[in-house]
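Text of entry21.cif, listed as mmCIF, C-alpha atoms and all ligand atoms:
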data_start
loop_
_atom_site.label_atom_id
_atom_site.label_comp_id
_atom_site.auth_asym_id
_atom_site.auth_seq_id
_atom_site.Cartn_x
_atom_site.Cartn_y
_atom_site.Cartn_z
CA MET A 1 -43.21 1.42 -5.07
CA LYS A 2 -42.64 -0.28 -1.74
CA CYS A 3 -39.42 -1.07 0.09
CA ARG A 4 -38.49 -4.72 -0.41
CA LYS A 5 -37.56 -5.04 3.24
CA CYS A 6 -40.01 -3.08 5.34
CA GLY A 7 -42.89 -2.41 2.93
CA GLU A 8 -42.77 1.36 3.54
CA ARG A 9 -42.61 3.81 0.65
CA ALA A 10 -39.41 3.19 -1.33
CA SER A 11 -37.10 6.06 -2.27
CA ILE A 12 -34.71 4.25 -4.61
CA GLU A 13 -35.33 1.61 -7.23
CA LEU A 14 -32.57 -0.84 -8.16
CA ARG A 15 -33.74 -2.34 -11.43
CA ARG A 16 -30.88 -4.78 -11.79
CA HIS A 17 -31.83 -6.31 -8.45
CA ASN A 18 -35.51 -6.01 -9.28
CA ALA A 19 -35.91 -4.26 -5.94
CA ALA A 20 -36.68 -0.94 -4.30
CA PHE A 21 -35.68 0.33 -0.86
CA CYS A 22 -36.54 3.07 1.61
CA ALA A 23 -33.56 5.21 2.65
CA PRO A 24 -32.53 3.30 5.83
CA ASP A 25 -32.87 -0.08 4.13
CA PHE A 26 -30.90 1.15 1.11
CA LEU A 27 -28.05 2.21 3.44
CA ASP A 28 -28.24 -1.22 4.99
CA PHE A 29 -28.19 -2.91 1.56
CA PHE A 30 -25.15 -0.80 0.55
CA ARG A 31 -23.17 -1.71 3.67
CA ARG A 32 -24.08 -5.37 3.23
CA GLN A 33 -22.68 -5.32 -0.31
CA VAL A 34 -19.41 -3.87 1.00
CA ARG A 35 -19.22 -6.50 3.76
CA GLU A 36 -19.93 -9.23 1.21
CA ALA A 37 -17.14 -7.96 -1.09
CA ILE A 38 -14.65 -7.91 1.81
CA ARG A 39 -15.68 -11.40 2.97
CA LYS A 40 -15.84 -13.05 -0.46
CA HIS A 41 -12.41 -11.83 -1.58
CA ARG A 42 -10.84 -11.93 1.89
CA MET A 43 -9.83 -8.30 1.39
CA PHE A 44 -8.75 -7.72 4.99
CA GLU A 45 -9.35 -8.97 8.51
CA ALA A 46 -11.24 -6.93 11.09
CA ASP A 47 -8.08 -6.05 12.99
CA GLU A 48 -5.95 -5.08 9.99
CA ALA A 49 -5.06 -1.43 9.37
CA VAL A 50 -6.39 -0.26 6.00
CA LEU A 51 -5.11 2.67 3.94
CA VAL A 52 -8.10 4.14 2.09
CA ALA A 53 -7.11 6.09 -1.03
CA VAL A 54 -9.47 9.06 -1.16
CA SER A 55 -9.82 11.42 -4.10
CA GLY A 56 -12.49 13.66 -2.54
CA GLY A 57 -15.11 12.15 -4.87
CA LYS A 58 -18.28 10.33 -3.85
CA ASP A 59 -16.99 6.77 -4.25
CA SER A 60 -13.88 6.88 -2.14
CA LEU A 61 -15.48 9.03 0.59
CA ALA A 62 -18.53 6.70 0.66
CA LEU A 63 -16.15 3.77 1.06
CA TRP A 64 -14.28 5.47 3.89
CA ASP A 65 -17.61 6.29 5.57
CA VAL A 66 -18.72 2.63 5.44
CA LEU A 67 -15.39 1.30 6.71
CA ILE A 68 -15.35 3.75 9.62
CA ASP A 69 -18.89 2.68 10.58
CA GLU A 70 -17.90 -0.97 10.29
CA GLY A 71 -15.21 -0.30 12.89
CA SER A 72 -12.25 -0.86 10.55
CA ARG A 73 -8.93 0.73 11.47
CA THR A 74 -8.60 3.18 8.61
CA THR A 75 -6.30 5.99 7.56
CA GLY A 76 -7.01 8.08 4.47
CA LEU A 77 -4.45 8.82 1.77
CA TYR A 78 -4.94 11.83 -0.46
CA LEU A 79 -2.57 12.28 -3.39
CA ASP A 80 -2.28 15.91 -4.36
CA LEU A 81 -1.92 15.78 -8.14
CA GLY A 82 -1.54 19.56 -8.47
CA ILE A 83 -4.37 19.85 -11.00
CA PHE A 84 -5.36 23.49 -10.49
CA ASP A 85 -8.52 24.27 -8.46
CA TYR A 86 -9.71 20.69 -8.85
CA SER A 87 -6.90 19.46 -6.57
CA VAL A 88 -7.25 22.35 -4.13
CA GLU A 89 -10.96 21.62 -3.67
CA SER A 90 -10.75 17.84 -3.58
CA LYS A 91 -7.99 18.01 -0.95
CA ALA A 92 -10.15 20.32 1.17
CA LYS A 93 -13.07 17.84 0.95
CA CYS A 94 -10.85 15.01 2.21
CA GLU A 95 -9.41 17.12 5.01
CA ARG A 96 -12.86 18.21 6.17
CA PHE A 97 -14.18 14.64 6.04
CA ALA A 98 -11.24 13.35 8.11
CA ALA A 99 -11.49 16.18 10.65
CA ALA A 100 -15.26 15.75 11.10
CA ARG A 101 -14.89 12.03 11.81
CA GLY A 102 -11.65 12.28 13.78
CA VAL A 103 -9.75 9.90 11.47
CA PRO A 104 -6.16 10.34 10.25
CA LEU A 105 -5.37 11.50 6.71
CA ILE A 106 -1.99 11.30 4.99
CA VAL A 107 -1.35 13.77 2.17
CA SER A 108 1.33 13.03 -0.42
CA THR A 109 2.15 15.60 -3.09
CA VAL A 110 2.98 14.40 -6.60
CA ALA A 111 4.92 17.60 -7.40
CA GLU A 112 7.29 16.86 -4.51
CA GLU A 113 7.63 13.17 -5.30
CA VAL A 114 7.96 13.28 -9.10
CA GLY A 115 9.38 16.79 -9.44
CA ALA A 116 6.33 18.35 -11.12
CA PRO A 117 2.52 18.29 -10.84
CA VAL A 118 0.35 16.34 -13.30
CA PRO A 119 -0.23 19.24 -15.76
CA VAL A 120 3.55 19.67 -16.17
CA ILE A 121 4.12 15.90 -16.35
CA LYS A 122 1.59 15.88 -19.18
CA GLU A 123 3.57 18.49 -21.11
CA VAL A 124 6.92 16.87 -20.47
CA THR A 125 5.88 13.36 -21.43
CA ARG A 126 3.54 14.40 -24.25
CA ARG A 127 1.32 11.53 -23.21
CA PRO A 128 -2.31 11.78 -22.07
CA PRO A 129 -2.32 13.25 -18.54
CA CYS A 130 -3.94 10.11 -17.15
CA SER A 131 -0.94 7.95 -17.99
CA GLY A 132 1.62 9.81 -15.83
CA CYS A 133 -1.10 10.48 -13.28
CA GLY A 134 -2.23 6.84 -13.01
CA LEU A 135 1.34 5.61 -12.80
CA SER A 136 2.16 8.09 -10.03
CA LYS A 137 -1.02 7.24 -8.11
CA ARG A 138 -0.42 3.48 -8.16
CA TYR A 139 3.25 3.92 -7.20
CA LEU A 140 2.62 6.37 -4.37
CA MET A 141 -0.30 4.39 -2.92
CA ASN A 142 1.95 1.36 -2.65
CA ARG A 143 4.99 3.24 -1.34
CA VAL A 144 3.08 5.23 1.26
CA ALA A 145 1.36 2.02 2.46
CA LEU A 146 4.74 0.29 2.84
CA GLU A 147 6.36 3.24 4.58
CA HIS A 148 3.55 3.43 7.12
CA GLY A 149 3.17 -0.34 7.59
CA PHE A 150 -0.26 -0.82 5.99
CA PRO A 151 -0.73 -4.31 4.50
CA VAL A 152 -3.57 -3.20 2.23
CA VAL A 153 -4.79 -0.23 0.17
CA ALA A 154 -8.51 0.15 -0.57
CA THR A 155 -9.76 2.24 -3.50
CA GLY A 156 -13.26 3.45 -4.36
CA HIS A 157 -13.54 1.77 -7.79
CA ASN A 158 -17.20 0.88 -8.35
CA LEU A 159 -19.06 -1.50 -10.67
CA ASP A 160 -19.20 1.10 -13.47
CA ASP A 161 -15.45 1.77 -13.23
CA GLU A 162 -14.62 -1.90 -13.28
CA ALA A 163 -17.02 -2.76 -16.11
CA ALA A 164 -15.66 0.16 -18.19
CA THR A 165 -12.04 -0.91 -17.60
CA LEU A 166 -12.92 -4.47 -18.58
CA PHE A 167 -14.74 -3.22 -21.67
CA GLY A 168 -11.68 -1.17 -22.70
CA SER A 169 -9.33 -4.12 -22.16
CA VAL A 170 -11.58 -6.47 -24.13
CA MET A 171 -12.05 -3.98 -26.98
CA HIS A 172 -8.28 -4.02 -27.45
CA TRP A 173 -7.76 -7.60 -26.27
CA GLN A 174 -5.21 -6.44 -23.72
CA THR A 175 -4.68 -9.92 -22.41
CA ASP A 176 -1.96 -8.67 -20.02
CA ALA A 177 -4.47 -6.42 -18.28
CA LEU A 178 -7.23 -9.02 -17.91
CA PRO A 179 -5.71 -11.15 -15.12
CA ARG A 180 -4.93 -7.96 -13.18
CA GLN A 181 -8.57 -6.91 -13.25
CA SER A 182 -9.82 -8.12 -9.92
CA PRO A 183 -11.60 -6.78 -6.82
CA ALA A 184 -8.61 -7.95 -4.79
CA LEU A 185 -4.99 -8.17 -5.92
CA ALA A 186 -2.72 -10.18 -3.68
CA ALA A 187 0.72 -8.97 -2.61
CA THR A 188 2.98 -10.97 -4.93
CA HIS A 189 6.20 -9.46 -3.56
CA PRO A 190 7.24 -8.31 -0.07
CA LYS A 191 7.33 -4.73 -1.38
CA LEU A 192 3.82 -4.84 -2.87
CA VAL A 193 0.78 -4.34 -0.67
CA ARG A 194 -2.63 -5.88 -1.33
CA ARG A 195 -4.98 -3.73 -3.40
CA VAL A 196 -8.72 -4.06 -2.86
CA LYS A 197 -11.90 -2.52 -4.27
CA PRO A 198 -14.72 -3.07 -1.75
CA LEU A 199 -17.25 -1.09 -3.88
CA TYR A 200 -16.97 -3.27 -6.98
CA ARG A 201 -20.48 -4.70 -6.39
CA LEU A 202 -22.09 -1.23 -6.27
CA SER A 203 -22.91 1.00 -9.22
CA GLU A 204 -22.00 4.66 -9.54
CA ARG A 205 -25.65 5.59 -9.11
CA GLU A 206 -25.76 3.60 -5.87
CA THR A 207 -22.64 5.24 -4.44
CA ALA A 208 -24.07 8.65 -5.40
CA ALA A 209 -27.31 7.80 -3.57
CA PHE A 210 -25.37 6.57 -0.55
CA ALA A 211 -23.21 9.71 -0.43
CA PHE A 212 -26.32 11.89 -0.74
CA LEU A 213 -28.22 10.09 2.02
CA ARG A 214 -25.17 10.15 4.30
CA LYS A 215 -24.75 13.90 3.59
CA ILE A 216 -21.16 13.38 2.49
CA ASP A 217 -19.68 16.59 1.13
CA TYR A 218 -17.75 15.48 -1.96
CA ILE A 219 -16.33 17.12 -5.08
CA VAL A 220 -18.86 16.83 -7.89
CA GLU A 221 -16.61 18.07 -10.70
CA GLU A 222 -14.57 15.54 -12.63
CA CYS A 223 -10.87 16.02 -13.15
CA PRO A 224 -10.54 18.64 -15.96
CA PHE A 225 -8.38 16.21 -17.92
CA ALA A 226 -11.09 13.54 -17.89
CA LYS A 227 -13.07 15.20 -20.68
CA GLY A 228 -13.11 13.03 -23.78
CA ALA A 229 -11.45 10.10 -22.01
CA THR A 230 -12.28 6.77 -23.60
CA SER A 231 -13.30 5.40 -20.21
CA ILE A 232 -16.16 7.94 -20.17
CA ALA A 233 -17.26 6.89 -23.67
CA HIS A 234 -17.18 3.25 -22.54
CA LYS A 235 -19.28 4.09 -19.47
CA GLU A 236 -21.87 5.75 -21.70
CA ILE A 237 -22.08 2.70 -23.96
CA LEU A 238 -22.49 0.42 -20.94
CA ASN A 239 -25.14 2.73 -19.50
CA ARG A 240 -27.16 2.46 -22.70
CA MET A 241 -26.92 -1.32 -22.52
CA GLU A 242 -27.94 -1.19 -18.86
CA GLU A 243 -30.93 0.99 -19.70
CA ALA A 244 -32.12 -1.55 -22.28
CA SER A 245 -31.31 -4.54 -20.14
CA PRO A 246 -30.92 -3.95 -16.38
CA GLY A 247 -28.10 -6.06 -14.97
CA ALA A 248 -26.01 -5.94 -18.17
CA LYS A 249 -23.02 -4.29 -16.46
CA HIS A 250 -23.22 -6.61 -13.50
CA ASN A 251 -23.39 -9.71 -15.74
CA PHE A 252 -20.52 -8.48 -17.89
CA LEU A 253 -18.17 -7.91 -14.93
CA PHE A 254 -19.26 -10.76 -12.67
CA GLY A 255 -19.36 -13.23 -15.59
CA PHE A 256 -15.78 -12.28 -16.42
CA LEU A 257 -14.62 -12.64 -12.81
CA ASP A 258 -16.34 -15.99 -12.30
CA LYS A 259 -15.83 -17.63 -15.66
CA ALA A 260 -13.26 -15.95 -17.89
CA ARG A 261 -10.57 -14.34 -15.75
CA PRO A 262 -8.84 -17.60 -14.74
CA ALA A 263 -8.31 -18.42 -18.43
CA PHE A 264 -6.15 -15.32 -18.84
CA GLU A 265 -3.91 -15.88 -15.86
CA ARG A 266 -0.44 -16.24 -17.21
CA ALA A 267 1.19 -19.63 -16.95
CA GLU A 268 4.69 -18.22 -16.62
CA ALA A 269 5.26 -15.89 -13.69
CA VAL A 270 6.95 -12.55 -14.42
CA THR A 271 10.17 -11.88 -12.56
CA LEU A 272 9.87 -9.01 -10.12
CA ASN A 273 12.98 -7.03 -9.30
CA GLU A 274 13.59 -4.08 -7.00
CA CYS A 275 14.23 -0.74 -8.67
CA ALA A 276 17.94 0.15 -8.58
CA ARG A 277 17.03 3.71 -7.48
CA CYS A 278 14.05 3.59 -5.15
CA GLY A 279 13.80 -0.10 -4.25
CA GLN A 280 10.15 -0.42 -5.31
CA VAL A 281 9.04 -3.36 -7.44
CA THR A 282 9.64 -3.38 -11.20
CA THR A 283 10.01 -5.92 -13.99
CA GLY A 284 13.05 -4.00 -15.31
CA THR A 285 16.06 -2.37 -13.65
CA LEU A 286 14.64 1.11 -13.07
CA CYS A 287 10.93 1.43 -12.25
CA ALA A 288 8.54 3.43 -14.44
CA PHE A 289 8.10 6.04 -11.68
CA CYS A 290 11.85 6.74 -11.44
CA LYS A 291 12.05 6.92 -15.24
CA LEU A 292 9.19 9.42 -15.21
CA ALA A 293 10.92 11.48 -12.50
CA ASP A 294 14.13 11.47 -14.60
CA GLN A 295 12.23 12.62 -17.65
CA VAL A 296 10.58 15.41 -15.67
CA LYS A 297 13.96 16.50 -14.28
CA ARG A 298 15.57 16.47 -17.74
CA LEU A 299 12.84 18.22 -19.67
CA GLY A 300 10.81 19.98 -17.05
CA GLY A 301 13.56 22.01 -15.39
CA GLY A 302 12.21 25.24 -16.83
CA LEU A 303 8.62 24.48 -15.84
CA ARG A 304 8.57 25.28 -12.16
CA PRO A 305 5.21 24.47 -10.63
CA SER A 306 3.67 26.55 -7.90
CA SER A 307 1.96 24.83 -5.00
CA ASP A 308 -1.46 24.76 -6.68
CA GLY A 309 -0.06 23.15 -9.81
CA ARG A 310 0.01 26.28 -11.95
CA ARG A 311 3.33 26.89 -13.53
CA ALA A 312 5.27 29.84 -12.19
CA PRO A 313 5.61 32.55 -14.84
P1 LIG B 1 -10.23 7.27 -10.58
O1 LIG B 1 -9.08 6.55 -11.19
O2 LIG B 1 -10.06 8.74 -10.54
O3 LIG B 1 -11.55 6.80 -11.08
O4 LIG B 1 -10.21 6.86 -9.04
C1 LIG B 1 -10.36 5.54 -8.63
C2 LIG B 1 -9.97 5.44 -7.17
O5 LIG B 1 -8.60 5.78 -7.01
C3 LIG B 1 -10.74 6.41 -6.27
O6 LIG B 1 -11.96 5.86 -5.85
C4 LIG B 1 -9.76 6.55 -5.12
O7 LIG B 1 -9.85 5.46 -4.23
C5 LIG B 1 -8.41 6.49 -5.80
N1 LIG B 1 -7.93 7.86 -6.13
C6 LIG B 1 -8.15 8.58 -7.25
N2 LIG B 1 -7.57 9.79 -7.16
C7 LIG B 1 -6.96 9.84 -5.96
C8 LIG B 1 -6.17 10.83 -5.28
N3 LIG B 1 -5.92 12.01 -5.82
N4 LIG B 1 -5.72 10.53 -4.04
C9 LIG B 1 -5.97 9.33 -3.48
N5 LIG B 1 -6.69 8.37 -4.08
C10 LIG B 1 -7.18 8.61 -5.30
FE1 LIG B 2 -5.38 11.86 -13.21
FE2 LIG B 2 -7.26 13.44 -14.05
S1 LIG B 2 -7.13 12.41 -12.17
S2 LIG B 2 -5.40 13.05 -14.99
ZN ZN B 3 12.11 3.39 -8.74
#

Since I need it in another form, could you write the structure as structure tokens?
Amino acid sequence: MKCRKCGERASIELRRHNAAFCAPDFLDFFRRQVREAIRKHRMFEADEAVLVAVSGGKDSLALWDVLIDEGSRTTGLYLDLGIFDYSVESKAKCERFAAARGVPLIVSTVAEEVGAPVPVIKEVTRRPPCSGCGLSKRYLMNRVALEHGFPVVATGHNLDDEAATLFGSVMHWQTDALPRQSPALAATHPKLVRRVKPLYRLSERETAAFAFLRKIDYIVEECPFAKGATSIAHKEILNRMEEASPGAKHNFLFGFLDKARPAFERAEAVTLNECARCGQVTTGTLCAFCKLADQVKRLGGGLRPSSDGRRAP
């Protein structure tokens, strides 16, 4: 197999592009895809400050690596979810990455903001851990960005993540979720910042290869609560389709974005209010984050978390 660009021996084959690349040309291809995503969806201008949400995993650290090399003005944001050793290790990966490259990192701790870490939130709400966790992540990313004056938050969602989310929404015909599925969400209120996903054109396998070639030290373990999640089952189904027909995931997601998404955009605009407590955006009176914090305070008083997320005896 020869590199499509230079004709030297290829080290990675990309079947959906019907191409193979040597390591340097693959890195080049990867960065070009990120630049193309940013340009096509006007994610941010060269001089804008970008808050990069980093989990310590390969995708978000690969994204941060590319943006630093592109000369973007970036700051990392790590949200400490308090999920046992998983959070301790992933935080350390982000801190080491930031220190090695001399870039700033903001750390925000869910236990301090909500009143309890994710494992306790899970017990208090009796909902799957990902629901309180996802809600807290989205809220804190936006609030931290506003507080520090960042107009945009970038996340490491890749093609596999996006295709799996779309698959889940379509399986349940969640027509509310479909218009919100986009590589770039505009700020529709002065208290909402833009949210962008510059890796949406790149598969999980490609970000893993990029992280490996760039020697990025990332956390390999998944969140312990991810086991059995439907999103993982959906990824497996899509991977089987991809195996049988390279490009299936790409066609599914890109076809939706180009042809179907506009049909689901709601005609009537929802009214956005400011939360009576915290001032962040909500469609009701009190935002979902403040309601969650209330619930944790009411029911979780006896469950005092320690700093690593384990409950104190
Ligand atoms: P996930 O929902 O875990 O697949 O993560 C999707 C993206 O959300 C990651 O690529 C990150 O950009 C961001 N993210 C996830 N977890 C965290 C975290 N603990 N702190 C900051 N950003 C995160
Ligand atoms: Fe949120 Fe696992 S990362 S529950
Ligand atoms: Zn609120």

Using 7 Å as the limit and counting only C-alpha atoms and all ligand atoms, can you tabulate each residue of chain A that touches ligand LIG 1 (chain B), with its shortest atom-to-atom distance in Å and the two atoms involved, as a tab-separated table?
residue	atom	partner	partner_atom	distance
A:Val52	CA	B:LIG1	O7	6.7
A:Ala53	CA	B:LIG1	N5	3.8
A:Val54	CA	B:LIG1	N5	4.1
A:Ser55	CA	B:LIG1	C7	3.8
A:Asp59	CA	B:LIG1	O6	5.4
A:Ser60	CA	B:LIG1	O6	4.3
A:Leu77	CA	B:LIG1	C9	5.5
A:Tyr78	CA	B:LIG1	N4	3.9
A:Leu79	CA	B:LIG1	N4	3.7
A:Asp80	CA	B:LIG1	N3	5.5
A:Leu81	CA	B:LIG1	N3	6.0
A:Lys137	CA	B:LIG1	C7	6.8
A:Ala154	CA	B:LIG1	O7	6.6
A:Thr155	CA	B:LIG1	O7	3.3
A:Gly156	CA	B:LIG1	O6	3.1
A:His157	CA	B:LIG1	O6	4.8
A:Asp161	CA	B:LIG1	O3	6.7

Q: Show which residues sit within 8 Å of region 127-132 of chain A, as an NGL selection string. Count all atoms listed in the file, and ignore same-chain residues fewer than 2 positions away.
A: :A and (118-119 or 121-123 or 125 or 134-136 or 225-226 or 292)

Go ahead and save the residues from that selection, with C-alpha atoms, as an mmCIF file, keeping the file's coordinate frame.
data_model
loop_
_atom_site.group_PDB
_atom_site.id
_atom_site.type_symbol
_atom_site.label_atom_id
_atom_site.label_comp_id
_atom_site.auth_asym_id
_atom_site.auth_seq_id
_atom_site.Cartn_x
_atom_site.Cartn_y
_atom_site.Cartn_z
ATOM 1 C CA VAL A 118 0.350 16.340 -13.300
ATOM 2 C CA PRO A 119 -0.230 19.240 -15.760
ATOM 3 C CA ILE A 121 4.120 15.900 -16.350
ATOM 4 C CA LYS A 122 1.590 15.880 -19.180
ATOM 5 C CA GLU A 123 3.570 18.490 -21.110
ATOM 6 C CA THR A 125 5.880 13.360 -21.430
ATOM 7 C CA GLY A 134 -2.230 6.840 -13.010
ATOM 8 C CA LEU A 135 1.340 5.610 -12.800
ATOM 9 C CA SER A 136 2.160 8.090 -10.030
ATOM 10 C CA PHE A 225 -8.380 16.210 -17.920
ATOM 11 C CA ALA A 226 -11.090 13.540 -17.890
ATOM 12 C CA LEU A 292 9.190 9.420 -15.210
#

Q.
Considering all atoms listed in the file, can you say which of A:Tyr218, A:Phe252, A:Trp173, A:Tyr139 comes closest to ligand ZN 3 (chain B)?
A. A:Tyr139

Return as a Markdown table the residues of chain A lying at most 7 Å from ligand ZN 3 (chain B), together with the closest atom-to-atom pair for each and the distance in Å to one decimal, counting all atoms listed in the file, with rows in chain order and ascending residue number.
| residue | atom | partner | partner_atom | distance |
| --- | --- | --- | --- | --- |
| A:Cys275 | CA | B:ZN3 | ZN | 4.6 |
| A:Ala276 | CA | B:ZN3 | ZN | 6.7 |
| A:Arg277 | CA | B:ZN3 | ZN | 5.1 |
| A:Cys278 | CA | B:ZN3 | ZN | 4.1 |
| A:Gly279 | CA | B:ZN3 | ZN | 5.9 |
| A:Gln280 | CA | B:ZN3 | ZN | 5.5 |
| A:Leu286 | CA | B:ZN3 | ZN | 5.5 |
| A:Cys287 | CA | B:ZN3 | ZN | 4.2 |
| A:Ala288 | CA | B:ZN3 | ZN | 6.7 |
| A:Phe289 | CA | B:ZN3 | ZN | 5.6 |
| A:Cys290 | CA | B:ZN3 | ZN | 4.3 |

Q. Which residue, A:Arg96, A:Ala111, A:Gly247, A:Leu178, has the smallest gap to Asn18 (chain A) when you use all atoms listed in the file?
A. A:Gly247

Q | Nearest residue to ligand LIG 2 (chain B) from the set A:His189, A:Leu166, A:Tyr86, A:Lys215 (distances using all atoms listed in the file) | A | A:Tyr86

Q: Using all atoms listed in the file, find the one residue out of A:Arg240, A:Leu199, A:Arg205, A:Pro117 that sits nearest to ligand LIG 2 (chain B).
A: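 For ligand LIG 2 (chain B), the nearest of the candidates is A:Pro117.
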
Q | Proximity to Phe30 (chain A) - best of A:Lys249, A:Arg201, A:Arg261, A:His148, all atoms listed in the file | A |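 That would be A:Arg201, the residue with the smallest distance to Phe30 (chain A).
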
Please identify all polymer residues within 10 Å of Thr230 (chain A), counting all atoms listed in the file, omitting same-chain residues fewer than 5 positions from it, and present them as a PDB file with C-alpha atoms, keeping the file's coordinate frame.
ATOM      1  CA  ALA A 164     -15.660   0.160 -18.190  1.00  0.00           C
ATOM      2  CA  THR A 165     -12.040  -0.910 -17.600  1.00  0.00           C
ATOM      3  CA  GLY A 168     -11.680  -1.170 -22.700  1.00  0.00           C
ATOM      4  CA  LYS A 235     -19.280   4.090 -19.470  1.00  0.00           C
ATOM      5  CA  GLU A 236     -21.870   5.750 -21.700  1.00  0.00           C
TER       6      GLU A 236
END

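One finds CA of Val296 (chain A) at 7.4 Å from CA of Val114 (chain A).
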
**Q.** Pairwise distance for CA of Asp69 (chain A) and CA of Leu253 (chain A), rounded to one decimal in Å
**A.**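 Separating CA of Asp69 (chain A) from CA of Leu253 (chain A) is a distance of 27.6 Å.
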
**Q.** Given all atoms listed in the file as the counted atoms, nearest of A:Leu238, A:Lys297, A:Ala229, A:Ala244 to ligand LIG 2 (chain B)
**A.**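 Nearest candidate to ligand LIG 2 (chain B) out of A:Leu238, A:Lys297, A:Ala229, A:Ala244: A:Ala229.
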
Q: Would you list the residues near (-14.4, 10.1, 3.2) (no more than 12 Å away, in the coordinates of the file, using all atoms listed in the file) as a PyMOL selection string?
A: chain A and resi 51-69+74-78+90-105+155-156+211+214-219

How would region 51-69 of chain A look with N, CA and C atoms restored, written as an mmCIF file, in the coordinates of the input?
data_model
loop_
_atom_site.group_PDB
_atom_site.id
_atom_site.type_symbol
_atom_site.label_atom_id
_atom_site.label_comp_id
_atom_site.auth_asym_id
_atom_site.auth_seq_id
_atom_site.Cartn_x
_atom_site.Cartn_y
_atom_site.Cartn_z
ATOM 1 N N LEU A 51 -5.341 1.330 4.503
ATOM 2 C CA LEU A 51 -5.110 2.670 3.940
ATOM 3 C C LEU A 51 -6.165 2.883 2.851
ATOM 4 N N VAL A 52 -7.022 3.882 3.048
ATOM 5 C CA VAL A 52 -8.100 4.140 2.090
ATOM 6 C C VAL A 52 -7.676 5.306 1.191
ATOM 7 N N ALA A 53 -7.508 5.032 -0.093
ATOM 8 C CA ALA A 53 -7.110 6.090 -1.030
ATOM 9 C C ALA A 53 -8.338 6.930 -1.354
ATOM 10 N N VAL A 54 -8.294 8.201 -0.953
ATOM 11 C CA VAL A 54 -9.470 9.060 -1.160
ATOM 12 C C VAL A 54 -9.147 10.206 -2.113
ATOM 13 N N SER A 55 -10.031 10.373 -3.096
ATOM 14 C CA SER A 55 -9.820 11.420 -4.100
ATOM 15 C C SER A 55 -10.651 12.659 -3.794
ATOM 16 N N GLY A 56 -11.559 12.558 -2.805
ATOM 17 C CA GLY A 56 -12.490 13.660 -2.540
ATOM 18 C C GLY A 56 -13.803 13.474 -3.276
ATOM 19 N N GLY A 57 -13.873 12.451 -4.127
ATOM 20 C CA GLY A 57 -15.110 12.150 -4.870
ATOM 21 C C GLY A 57 -16.051 11.276 -4.054
ATOM 22 N N LYS A 58 -17.234 11.028 -4.613
ATOM 23 C CA LYS A 58 -18.280 10.330 -3.850
ATOM 24 C C LYS A 58 -17.911 8.885 -3.515
ATOM 25 N N ASP A 59 -17.245 8.198 -4.462
ATOM 26 C CA ASP A 59 -16.990 6.770 -4.250
ATOM 27 C C ASP A 59 -16.037 6.529 -3.089
ATOM 28 N N SER A 60 -14.869 7.176 -3.167
ATOM 29 C CA SER A 60 -13.880 6.880 -2.140
ATOM 30 C C SER A 60 -14.314 7.401 -0.763
ATOM 31 N N LEU A 61 -15.023 8.543 -0.732
ATOM 32 C CA LEU A 61 -15.480 9.030 0.590
ATOM 33 C C LEU A 61 -16.622 8.145 1.121
ATOM 34 N N ALA A 62 -17.480 7.639 0.220
ATOM 35 C CA ALA A 62 -18.530 6.700 0.660
ATOM 36 C C ALA A 62 -17.889 5.438 1.232
ATOM 37 N N LEU A 63 -16.852 4.963 0.564
ATOM 38 C CA LEU A 63 -16.150 3.770 1.060
ATOM 39 C C LEU A 63 -15.553 4.021 2.439
ATOM 40 N N TRP A 64 -14.902 5.157 2.587
ATOM 41 C CA TRP A 64 -14.280 5.470 3.890
ATOM 42 C C TRP A 64 -15.367 5.537 4.968
ATOM 43 N N ASP A 65 -16.489 6.158 4.631
ATOM 44 C CA ASP A 65 -17.610 6.290 5.570
ATOM 45 C C ASP A 65 -18.087 4.898 6.034
ATOM 46 N N VAL A 66 -18.252 3.982 5.077
ATOM 47 C CA VAL A 66 -18.720 2.630 5.440
ATOM 48 C C VAL A 66 -17.688 1.943 6.338
ATOM 49 N N LEU A 67 -16.417 2.024 5.946
ATOM 50 C CA LEU A 67 -15.390 1.300 6.710
ATOM 51 C C LEU A 67 -15.249 1.854 8.133
ATOM 52 N N ILE A 68 -15.401 3.165 8.269
ATOM 53 C CA ILE A 68 -15.350 3.750 9.620
ATOM 54 C C ILE A 68 -16.513 3.200 10.451
ATOM 55 N N ASP A 69 -17.713 3.188 9.857
ATOM 56 C CA ASP A 69 -18.890 2.680 10.580
ATOM 57 C C ASP A 69 -18.797 1.194 10.897
#
